[in-house]
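Peer 1: work-v5.csv (CSV, C-alpha atoms and all ligand atoms) pasted underneath:
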```csv
chain,number,residue,atom,x,y,z
A,1495,MET,CA,21.9,-11.0,1.6
A,1496,SER,CA,22.9,-10.5,-2.0
A,1497,GLN,CA,25.8,-8.3,-3.0
A,1498,GLY,CA,24.8,-4.6,-3.3
A,1499,GLU,CA,21.8,-5.1,-1.0
A,1500,THR,CA,21.3,-2.2,1.5
A,1501,VAL,CA,22.2,-3.1,5.1
A,1502,ILE,CA,18.9,-2.1,6.7
A,1503,GLU,CA,20.3,-1.8,10.3
A,1504,ASN,CA,22.5,1.1,9.2
A,1505,LEU,CA,19.6,3.2,7.9
A,1506,ARG,CA,17.4,5.8,9.6
A,1507,PHE,CA,13.8,6.1,8.5
A,1508,ALA,CA,11.5,9.1,8.6
A,1509,PHE,CA,7.7,9.0,8.2
A,1510,LEU,CA,6.4,12.4,7.3
A,1511,GLY,CA,2.7,11.9,8.4
A,1512,GLY,CA,2.2,9.4,11.2
A,1513,GLY,CA,-1.2,8.1,10.1
A,1514,ASN,CA,-2.6,4.6,9.5
A,1515,MET,CA,-0.4,3.6,6.6
A,1516,ALA,CA,2.7,5.0,8.3
A,1517,GLU,CA,1.8,2.9,11.4
A,1518,ALA,CA,1.5,-0.3,9.4
A,1519,LEU,CA,4.9,0.3,7.8
A,1520,ILE,CA,6.5,1.2,11.1
A,1521,LYS,CA,5.2,-2.0,12.6
A,1522,GLY,CA,6.6,-3.9,9.6
A,1523,LEU,CA,10.1,-2.3,9.9
A,1524,LEU,CA,10.4,-3.0,13.6
A,1525,THR,CA,8.9,-6.5,13.8
A,1526,GLY,CA,9.6,-7.8,10.3
A,1527,LEU,CA,13.0,-6.3,9.5
A,1528,ALA,CA,14.4,-5.8,13.0
A,1529,VAL,CA,15.0,-2.0,12.6
A,1530,PRO,CA,15.8,-0.5,16.0
A,1531,PRO,CA,13.1,1.9,17.1
A,1532,ARG,CA,15.7,4.6,17.7
A,1533,HIS,CA,16.3,4.6,13.9
A,1534,VAL,CA,12.7,5.6,13.1
A,1535,VAL,CA,11.2,9.0,13.4
A,1536,ALA,CA,7.6,9.9,12.6
A,1537,THR,CA,6.3,13.4,12.3
A,1538,ASP,CA,2.7,14.4,12.7
A,1539,VAL,CA,0.8,17.7,13.2
A,1540,ILE,CA,-1.4,15.9,15.8
A,1541,ARG,CA,0.5,15.9,19.1
A,1542,GLU,CA,-1.6,13.0,20.5
A,1543,ARG,CA,-0.7,10.9,17.5
A,1544,CYS,CA,3.0,11.5,18.1
A,1545,GLY,CA,2.5,10.5,21.8
A,1546,TYR,CA,0.7,7.3,20.7
A,1547,LEU,CA,3.4,6.3,18.2
A,1548,HIS,CA,6.2,7.0,20.7
A,1549,GLU,CA,4.5,5.1,23.5
A,1550,THR,CA,3.4,2.1,21.4
A,1551,TYR,CA,6.6,1.6,19.3
A,1552,GLY,CA,9.3,3.4,21.2
A,1553,ILE,CA,10.2,5.4,18.0
A,1554,CYS,CA,11.2,9.1,18.0
A,1555,THR,CA,8.5,11.6,17.0
A,1556,SER,CA,8.6,15.3,16.0
A,1557,ASN,CA,6.7,18.0,14.2
A,1558,ASP,CA,9.7,19.2,12.3
A,1559,ASN,CA,9.7,17.7,8.8
A,1560,PRO,CA,12.9,19.3,7.5
A,1561,GLN,CA,14.8,18.1,10.6
A,1562,ALA,CA,13.4,14.6,10.2
A,1563,VAL,CA,14.7,14.6,6.6
A,1564,ARG,CA,18.1,15.8,7.6
A,1565,ASP,CA,18.3,13.0,10.2
A,1566,SER,CA,17.3,10.2,7.9
A,1567,GLU,CA,18.3,8.3,4.8
A,1568,VAL,CA,14.9,6.8,3.8
A,1569,ILE,CA,12.0,9.3,3.9
A,1570,PHE,CA,8.3,8.2,3.5
A,1571,LEU,CA,5.8,10.8,2.3
A,1572,ALA,CA,2.8,9.5,4.2
A,1573,VAL,CA,0.5,12.5,4.5
A,1574,LYS,CA,-2.8,12.9,2.6
A,1575,PRO,CA,-2.2,13.6,-1.2
A,1576,GLN,CA,-3.6,17.2,-0.9
A,1577,THR,CA,-0.9,18.0,1.7
A,1578,VAL,CA,2.0,16.6,-0.4
A,1579,PRO,CA,2.8,19.8,-2.4
A,1580,THR,CA,3.2,21.9,0.8
A,1581,LEU,CA,5.3,19.2,2.4
A,1582,LEU,CA,7.5,18.9,-0.7
A,1583,GLU,CA,8.1,22.6,-0.6
A,1584,ALA,CA,9.2,22.5,3.0
A,1585,ILE,CA,11.6,19.6,2.6
A,1586,ALA,CA,13.0,20.2,-0.9
A,1587,PRO,CA,16.1,22.2,0.4
A,1588,ASP,CA,17.1,19.2,2.5
A,1589,VAL,CA,16.6,16.4,-0.1
A,1590,ASN,CA,19.8,15.5,-1.8
A,1591,ARG,CA,21.2,12.4,-3.6
A,1592,GLY,CA,21.9,10.8,-0.2
A,1593,LYS,CA,18.2,10.5,0.6
A,1594,LEU,CA,15.7,8.0,-0.7
A,1595,ILE,CA,12.2,9.4,-1.0
A,1596,VAL,CA,9.3,6.9,-0.9
A,1597,SER,CA,5.9,8.4,-1.7
A,1598,ILE,CA,2.8,6.4,-0.8
A,1599,ALA,CA,0.5,9.3,-1.6
A,1600,ALA,CA,-2.3,8.1,-3.9
A,1601,GLY,CA,-2.5,9.8,-7.3
A,1602,ILE,CA,0.7,11.8,-7.1
A,1603,PRO,CA,2.7,10.8,-10.2
A,1604,LEU,CA,6.5,10.5,-10.2
A,1605,SER,CA,6.7,13.6,-12.5
A,1606,THR,CA,5.1,15.8,-9.8
A,1607,LEU,CA,7.6,14.5,-7.2
A,1608,GLN,CA,10.5,14.9,-9.5
A,1609,CYS,CA,9.5,18.5,-10.4
A,1610,ALA,CA,9.4,19.5,-6.8
A,1611,LEU,CA,12.8,18.0,-5.8
A,1612,ALA,CA,16.3,18.1,-7.1
A,1613,ASP,CA,16.8,16.5,-10.6
A,1614,ASP,CA,18.9,13.7,-9.3
A,1615,SER,CA,16.7,12.8,-6.3
A,1616,ARG,CA,16.2,9.1,-5.7
A,1617,ILE,CA,12.4,8.7,-5.7
A,1618,VAL,CA,10.2,5.6,-5.5
A,1619,ARG,CA,6.4,5.8,-5.7
A,1620,VAL,CA,4.3,3.1,-4.0
A,1621,MET,CA,0.6,2.4,-4.2
A,1622,PRO,CA,-0.2,0.3,-1.1
A,1623,ASN,CA,-3.7,-0.8,0.0
A,1624,THR,CA,-5.5,-1.0,3.4
A,1625,PRO,CA,-4.9,-4.7,4.0
A,1626,ALA,CA,-1.3,-3.6,4.7
A,1627,LEU,CA,-2.7,-2.8,8.1
A,1628,VAL,CA,-3.2,-6.5,8.7
A,1629,LEU,CA,0.1,-7.5,6.9
A,1630,ALA,CA,-1.8,-8.7,3.9
A,1631,GLY,CA,-1.4,-5.7,1.6
A,1632,ALA,CA,-0.8,-5.5,-2.2
A,1633,ALA,CA,1.4,-2.8,-3.4
A,1634,GLY,CA,2.6,-1.5,-6.8
A,1635,ILE,CA,6.1,0.0,-6.8
A,1636,SER,CA,7.3,2.5,-9.4
A,1637,PRO,CA,10.9,3.8,-9.3
A,1638,SER,CA,12.1,7.0,-10.8
A,1639,PRO,CA,15.0,6.6,-13.4
A,1640,THR,CA,17.3,8.1,-10.7
A,1641,ALA,CA,16.5,5.4,-8.1
A,1642,THR,CA,19.2,2.7,-7.8
A,1643,PRO,CA,18.6,-1.1,-8.0
A,1644,ALA,CA,19.4,-1.2,-4.3
A,1645,ASP,CA,16.7,1.4,-3.6
A,1646,ILE,CA,14.1,-0.6,-5.5
A,1647,ALA,CA,15.2,-3.8,-3.7
A,1648,LEU,CA,14.9,-2.1,-0.3
A,1649,VAL,CA,11.4,-0.7,-1.0
A,1650,GLU,CA,10.3,-4.2,-2.3
A,1651,ARG,CA,11.6,-5.7,1.0
A,1652,ILE,CA,9.7,-3.3,3.1
A,1653,PHE,CA,6.4,-3.7,1.3
A,1654,ASN,CA,6.8,-7.4,1.2
A,1655,VAL,CA,6.9,-7.4,5.0
A,1656,VAL,CA,3.4,-5.8,5.1
A,1657,GLY,CA,2.0,-8.0,2.2
A,1658,ARG,CA,3.2,-8.5,-1.4
A,1659,ALA,CA,4.7,-5.9,-3.7
A,1660,THR,CA,5.5,-5.8,-7.4
A,1661,VAL,CA,7.3,-3.3,-9.6
A,1662,VAL,CA,5.2,-1.6,-12.3
A,1663,SER,CA,5.8,1.4,-14.6
A,1664,ASP,CA,4.4,4.7,-13.4
A,1665,SER,CA,2.0,4.8,-16.3
A,1666,LEU,CA,0.3,1.7,-14.8
A,1667,MET,CA,-0.1,3.1,-11.3
A,1668,ASP,CA,-3.7,4.3,-12.0
A,1669,THR,CA,-4.5,0.7,-12.9
A,1670,VAL,CA,-2.9,-0.6,-9.7
A,1671,THR,CA,-5.0,2.0,-7.9
A,1672,GLY,CA,-8.1,0.7,-9.7
A,1673,LEU,CA,-7.3,-3.0,-9.0
A,1674,SER,CA,-5.6,-3.4,-5.7
A,1675,GLY,CA,-6.1,0.1,-4.3
A,1676,SER,CA,-9.9,0.1,-4.7
A,1677,GLY,CA,-10.1,-3.8,-4.8
A,1678,PRO,CA,-10.6,-4.3,-1.1
A,1679,ALA,CA,-13.9,-2.4,-1.3
A,1680,PHE,CA,-15.0,-4.6,-4.2
A,1681,VAL,CA,-14.1,-7.7,-2.2
A,1682,PHE,CA,-15.9,-6.4,0.9
A,1683,ALA,CA,-19.0,-6.0,-1.2
A,1684,LEU,CA,-18.5,-9.6,-2.5
A,1685,ILE,CA,-18.2,-10.9,1.1
A,1686,GLU,CA,-21.3,-9.0,2.1
A,1687,GLY,CA,-23.2,-10.6,-0.8
A,1688,LEU,CA,-22.0,-14.1,0.0
A,1689,SER,CA,-23.0,-13.6,3.6
A,1690,ASP,CA,-26.4,-12.2,2.6
A,1691,GLY,CA,-26.8,-15.4,0.5
A,1692,GLY,CA,-26.1,-17.5,3.6
A,1693,VAL,CA,-28.5,-15.5,5.7
A,1694,LEU,CA,-31.2,-15.8,2.9
A,1695,MET,CA,-30.8,-19.6,3.1
A,1696,GLY,CA,-31.0,-19.8,6.9
A,1697,LEU,CA,-27.5,-19.1,8.5
A,1698,ASP,CA,-27.2,-16.5,11.3
A,1699,ARG,CA,-25.2,-13.4,10.3
A,1700,PRO,CA,-22.0,-14.0,12.2
A,1701,THR,CA,-21.7,-17.5,10.9
A,1702,ALA,CA,-22.5,-16.5,7.4
A,1703,THR,CA,-19.9,-13.6,7.4
A,1704,MET,CA,-17.2,-15.8,8.9
A,1705,LEU,CA,-17.8,-18.5,6.3
A,1706,ALA,CA,-17.8,-16.0,3.5
A,1707,ALA,CA,-14.7,-14.1,4.6
A,1708,GLN,CA,-12.7,-17.3,5.3
A,1709,THR,CA,-13.8,-18.7,1.9
A,1710,VAL,CA,-12.4,-15.6,0.1
A,1711,LEU,CA,-9.2,-15.8,2.1
A,1712,GLY,CA,-8.8,-19.5,1.4
A,1713,ALA,CA,-9.5,-19.1,-2.3
A,1714,ALA,CA,-7.0,-16.2,-2.6
A,1715,LYS,CA,-4.4,-18.3,-0.8
A,1716,MET,CA,-4.9,-21.2,-3.2
A,1717,VAL,CA,-4.4,-18.9,-6.2
A,1718,LEU,CA,-1.2,-17.4,-4.7
A,1719,GLU,CA,0.2,-20.7,-3.4
A,1720,THR,CA,-0.6,-23.1,-6.2
A,1721,GLY,CA,0.2,-20.7,-9.0
A,1722,LYS,CA,-2.7,-22.3,-10.9
A,1723,HIS,CA,-5.0,-20.3,-13.1
A,1724,PRO,CA,-8.2,-19.3,-11.2
A,1725,GLY,CA,-10.2,-20.9,-14.0
A,1726,GLU,CA,-8.4,-24.2,-13.4
A,1727,LEU,CA,-9.0,-24.0,-9.6
A,1728,LYS,CA,-12.7,-23.3,-10.3
A,1729,ASP,CA,-13.0,-26.3,-12.6
A,1730,MET,CA,-11.5,-28.5,-9.8
A,1731,VAL,CA,-14.5,-27.8,-7.6
A,1732,THR,CA,-17.1,-27.8,-10.3
A,1733,SER,CA,-18.5,-31.4,-10.7
A,1734,PRO,CA,-20.9,-32.4,-13.4
A,1735,ALA,CA,-24.5,-31.4,-12.6
A,1736,GLY,CA,-23.3,-30.4,-9.1
A,1737,THR,CA,-24.0,-27.6,-6.7
A,1738,THR,CA,-21.1,-25.3,-7.8
A,1739,ILE,CA,-21.9,-25.3,-11.5
A,1740,ALA,CA,-25.6,-24.4,-10.6
A,1741,GLY,CA,-24.3,-21.4,-8.6
A,1742,MET,CA,-21.8,-20.5,-11.4
A,1743,GLN,CA,-24.7,-20.3,-13.9
A,1744,ALA,CA,-26.4,-17.7,-11.6
A,1745,LEU,CA,-23.1,-15.7,-11.5
A,1746,GLU,CA,-22.8,-15.8,-15.3
A,1747,ASP,CA,-26.4,-14.8,-15.8
A,1748,GLY,CA,-25.6,-11.7,-13.7
A,1749,GLY,CA,-22.4,-11.0,-15.6
A,1750,LEU,CA,-20.1,-11.2,-12.6
A,1751,ARG,CA,-16.7,-11.3,-14.4
A,1752,GLY,CA,-17.7,-8.5,-16.8
A,1753,LEU,CA,-18.9,-6.4,-13.8
A,1754,MET,CA,-15.5,-6.9,-12.0
A,1755,MET,CA,-13.7,-5.9,-15.2
A,1756,ALA,CA,-15.9,-2.8,-15.5
A,1757,ALA,CA,-15.3,-1.9,-11.8
A,1758,VAL,CA,-11.5,-2.0,-12.2
A,1759,ARG,CA,-11.7,0.0,-15.5
A,1760,ARG,CA,-14.0,2.6,-14.0
A,1761,ALA,CA,-11.8,3.0,-10.8
A,1762,THR,CA,-8.7,3.3,-13.0
A,1763,GLU,CA,-10.3,5.9,-15.2
A,1764,ARG,CA,-11.4,7.8,-12.0
A,1765,SER,CA,-7.8,7.7,-10.8
A,1766,GLN,CA,-6.6,9.1,-14.1
A,1767,GLU,CA,-9.2,11.9,-13.9
A,1768,LEU,CA,-8.2,12.8,-10.3
A,1769,GLY,CA,-4.5,12.8,-11.5
A,1770,ARG,CA,-5.4,15.4,-14.2
A,1771,GLY,CA,-7.1,17.5,-11.5
A,1772,LEU,CA,-10.7,16.8,-12.7
A,1773,LYS,CA,-13.1,16.8,-9.8
B,1801,LIG,N1,-4.8,4.1,4.1
B,1801,LIG,C1,-4.7,3.4,3.0
B,1801,LIG,O1,-5.1,2.3,2.8
B,1801,LIG,C2,-3.8,4.0,1.8
B,1801,LIG,C3,-3.8,3.2,0.7
B,1801,LIG,C4,-3.0,3.7,-0.4
B,1801,LIG,C5,-2.3,4.9,-0.2
B,1801,LIG,N2,-2.5,5.6,0.9
B,1801,LIG,C6,-1.8,6.9,1.0
B,1801,LIG,O2,-1.1,7.0,2.2
B,1801,LIG,C7,-1.1,8.3,2.7
B,1801,LIG,C8,-1.4,8.3,4.1
B,1801,LIG,O3,-2.7,7.8,4.3
B,1801,LIG,P1,-3.3,7.4,5.7
B,1801,LIG,O4,-4.5,6.6,5.5
B,1801,LIG,O5,-2.2,6.9,6.6
B,1801,LIG,O6,-3.6,8.9,6.2
B,1801,LIG,P2,-3.8,9.5,7.6
B,1801,LIG,O7,-4.2,8.4,8.6
B,1801,LIG,O8,-4.7,10.7,7.5
B,1801,LIG,O9,-2.4,10.0,8.0
B,1801,LIG,C9,-1.8,11.2,7.6
B,1801,LIG,C10,-1.3,11.9,8.9
B,1801,LIG,O10,-0.4,13.0,8.6
B,1801,LIG,C11,-0.7,14.1,9.3
B,1801,LIG,N3,-0.2,15.3,8.6
B,1801,LIG,C12,-0.9,16.2,7.8
B,1801,LIG,N4,-0.1,17.2,7.4
B,1801,LIG,C13,1.2,16.9,7.9
B,1801,LIG,C14,2.4,17.6,7.9
B,1801,LIG,N5,2.6,18.7,7.2
B,1801,LIG,N6,3.5,17.0,8.5
B,1801,LIG,C15,3.3,15.9,9.2
B,1801,LIG,N7,2.1,15.2,9.3
B,1801,LIG,C16,1.1,15.7,8.7
B,1801,LIG,C17,-2.2,14.0,9.3
B,1801,LIG,O11,-2.8,14.9,10.2
B,1801,LIG,P3,-4.3,15.6,9.8
B,1801,LIG,O12,-5.3,14.4,9.9
B,1801,LIG,O13,-4.5,16.6,10.9
B,1801,LIG,O14,-4.2,16.1,8.4
B,1801,LIG,C18,-2.4,12.5,9.7
B,1801,LIG,O15,-2.3,12.3,11.0
B,1801,LIG,C19,-2.0,9.1,1.8
B,1801,LIG,O16,-1.3,9.9,0.9
B,1801,LIG,C20,-2.8,8.0,1.1
B,1801,LIG,O17,-3.1,8.4,-0.3
B,1801,LIG,C21,-3.2,5.2,2.0
```
Using structure tokens, write down the structure that the file contains.
Ligand SMILES: NC(=O)c1ccc[n+]([C@@H]2O[C@H](COP(=O)([O-])OP(=O)(O)OC[C@H]3O[C@@H](n4cnc5c(N)ncnc54)[C@H](OP(=O)(O)O)[C@@H]3O)[C@@H](O)[C@H]2O)c1

Peer 2:
Amino acid sequence: MSQGETVIENLRFAFLGGGNMAEALIKGLLTGLAVPPRHVVATDVIRERCGYLHETYGICTSNDNPQAVRDSEVIFLAVKPQTVPTLLEAIAPDVNRGKLIVSIAAGIPLSTLQCALADDSRIVRVMPNTPALVLAGAAGISPSPTATPADIALVERIFNVVGRATVVSDSLMDTVTGLSGSGPAFVFALIEGLSDGGVLMGLDRPTATMLAAQTVLGAAKMVLETGKHPGELKDMVTSPAGTTIAGMQALEDGGLRGLMMAAVRRATERSQELGRGLK
């Protein structure tokens, strides 16, 4: 542990909203960072959800958000974005410099969070994605100027347990939303298309989908683990007059890379629109 790094065992964590994303993070804290279950509280308006989280993970549960804030040092805002303003109003009196607020609510900028809480509040905004549920998430982290380097390091550690995380400026969080937030859906469509191709050429559906998904997983691992440019990795499997270059020509005819760029651009613009309150 480097000097100045937070001792995680001494911290108490609150999840305001005990939904899917909160559950993924709770799992990560308990199994990946050895946080004792008694140091974690989750609140939810659904009583059965509280019962499930308590029985499955042994954590404390409650429906009292201000009390959960008072009892904790690290507080995750994990309710739906439309619920965030009411939640902030309820907890604001109990948020002080001793608390780190981590918002995972999509589309809520740091400025909105800062306006609702005390000026010196330590806030970090995170944009995670659904593969965090299988510990393969990708998250953008954006700290407020009042967050400390130890706060940023702590949030990075937590999100690196449920995938990979990187720090970006708040002005680029819509782009993170358009790329890694919406990206799983783009890749699901890609996998479906590859599987359809396999079925078209004679494979049964389960075999085609397994081969397609594993191919995407393997290619992604090669990009991350070799650090090589994707174009270089593509060239390594593209032999002269071979099968892969023939398939690549079909992709280029259809404008695959331009389409991917347009998808990220359109999703980013939509995130910007939603942030400005346009429906
Ligand atoms: N899931 C993802 O992949 C993903 C990705 C990026 C960001 N996020 C963000 O993560 C946040 C949570 O998403 P999620 O998918 O985990 O949502 P979710 O499963 O709907 O979880 C939110 C939970 O909080 C409960 N809740 C509502 N109001 C509350 C209150 N005042 N106090 C305590 N609990 C309350 C909800 O109950 P009700 O259902 O009755 O409202 C629900 O059980 C969202 O802001 C979302 O934008 C999620």

Peer 1: Residues within 7 Å of ligand LIG 1801 (chain B) should be enumerated using all atoms listed in the file and returned as a list in words.

Peer 2: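 For ligand LIG 1801 (chain B), the residues inside 7 Å are Leu1510, Gly1511, Gly1512, Gly1513, Asn1514, Met1515, Ala1516, Thr1537, Asp1538, Val1539, Ile1540, Arg1543, Asn1557, Asn1559, Ala1572, Val1573, Lys1574, Pro1575, Thr1577, Leu1581, Ile1598, Ala1599, Ala1600, Met1621, Pro1622, Asn1623, Thr1624 and Gly1675 of chain A.
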
Peer 1: Just the residues within 8 Å of Glu1503 in chain A, please, counting all atoms listed in the file, with nothing from its chain fewer than 4 positions along; format it as JSON, numbers by chain.

Peer 2: {"A": [1528, 1529, 1530]}

Peer 1: How would you write as a list in words the residues that get within 6 Å of (6.7, 4.8, -6.6) in the file's frame, counting all atoms listed in the file?

Peer 2: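 Nearby residues: Val1618, Arg1619, Val1620, Ile1635, Ser1636 and Pro1637 of chain A.
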
Peer 1: Can you pull out the residues contacting Leu1750 in chain A? Cut-off 12 Å, using only C-alpha atoms, and skip same-chain residues under 6 positions away; I want them as a list in words.

Peer 2: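 Non-adjacent residues within range: Phe1680, Leu1684, Gly1741, Met1742, Gln1743, Ala1744, Ala1756 and Ala1757 of chain A.
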
Peer 1: List the neighbours of Ser1689 in chain A out to 12 Å using all atoms listed in the file; skip same-chain residues closer than 6 positions along the sequence, and give me the result as a count of residues only.

Peer 2: 18

Peer 1: Which value, in Å to one decimal, gives the distance between CA of Asp1565 in chain A and CA of Phe1653 in chain A?

Peer 2: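 Going from CA of Asp1565 in chain A over to CA of Phe1653 in chain A, I get 22.4 Å.
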
Peer 1: Using only C-alpha atoms for the distances, tell me which of A:Val1568, A:Ser1676, A:Pro1531, A:Leu1523 is nearest to Ala1508 in chain A.

Peer 2: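 Comparing A:Val1568, A:Ser1676, A:Pro1531, A:Leu1523 against Ala1508 in chain A, the winner is A:Val1568.
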
Peer 1: At a cut-off of 12 Å from (10.0, -4.4, 3.2) in the coordinates of the file, what residues are picked up using only C-alpha atoms, written as an MDAnalysis selection string?

Peer 2: chainID A and resid 1500 1502 1518:1529 1620 1626 1629 1631 1633 1635 1645:1660

Peer 1: Just the number, please: distance in Å from CA of Leu1727 in chain A to CA of Thr1762 in chain A, one decimal.

Peer 2: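 Pair CA of Leu1727 in chain A / CA of Thr1762 in chain A returns 27.5 Å.
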
Peer 1: Could you state the separation of CA of Cys1544 in chain A and CA of Ala1562 in chain A in Å, given to one decimal place?

Peer 2: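 Computing it gives 13.4 Å between the two atoms.
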
Peer 1: Residues near Gln1766 in chain A, anyone? I mean within 9 Å using only C-alpha atoms, not counting same-chain ones fewer than 4 positions away, as a list in words.

Peer 2: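 Here the answer would be Gly1601, Asp1668, Thr1669, Ala1761, Thr1762, Arg1770, Gly1771 and Leu1772 of chain A.
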
Peer 1: Under the rule that all atoms listed in the file are counted, which of A:Gly1545, A:Gly1721, A:Pro1587, A:Gly1592 is the nearest residue to Glu1567 in chain A?

Peer 2: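 Smallest distance to Glu1567 in chain A is found for A:Gly1592.
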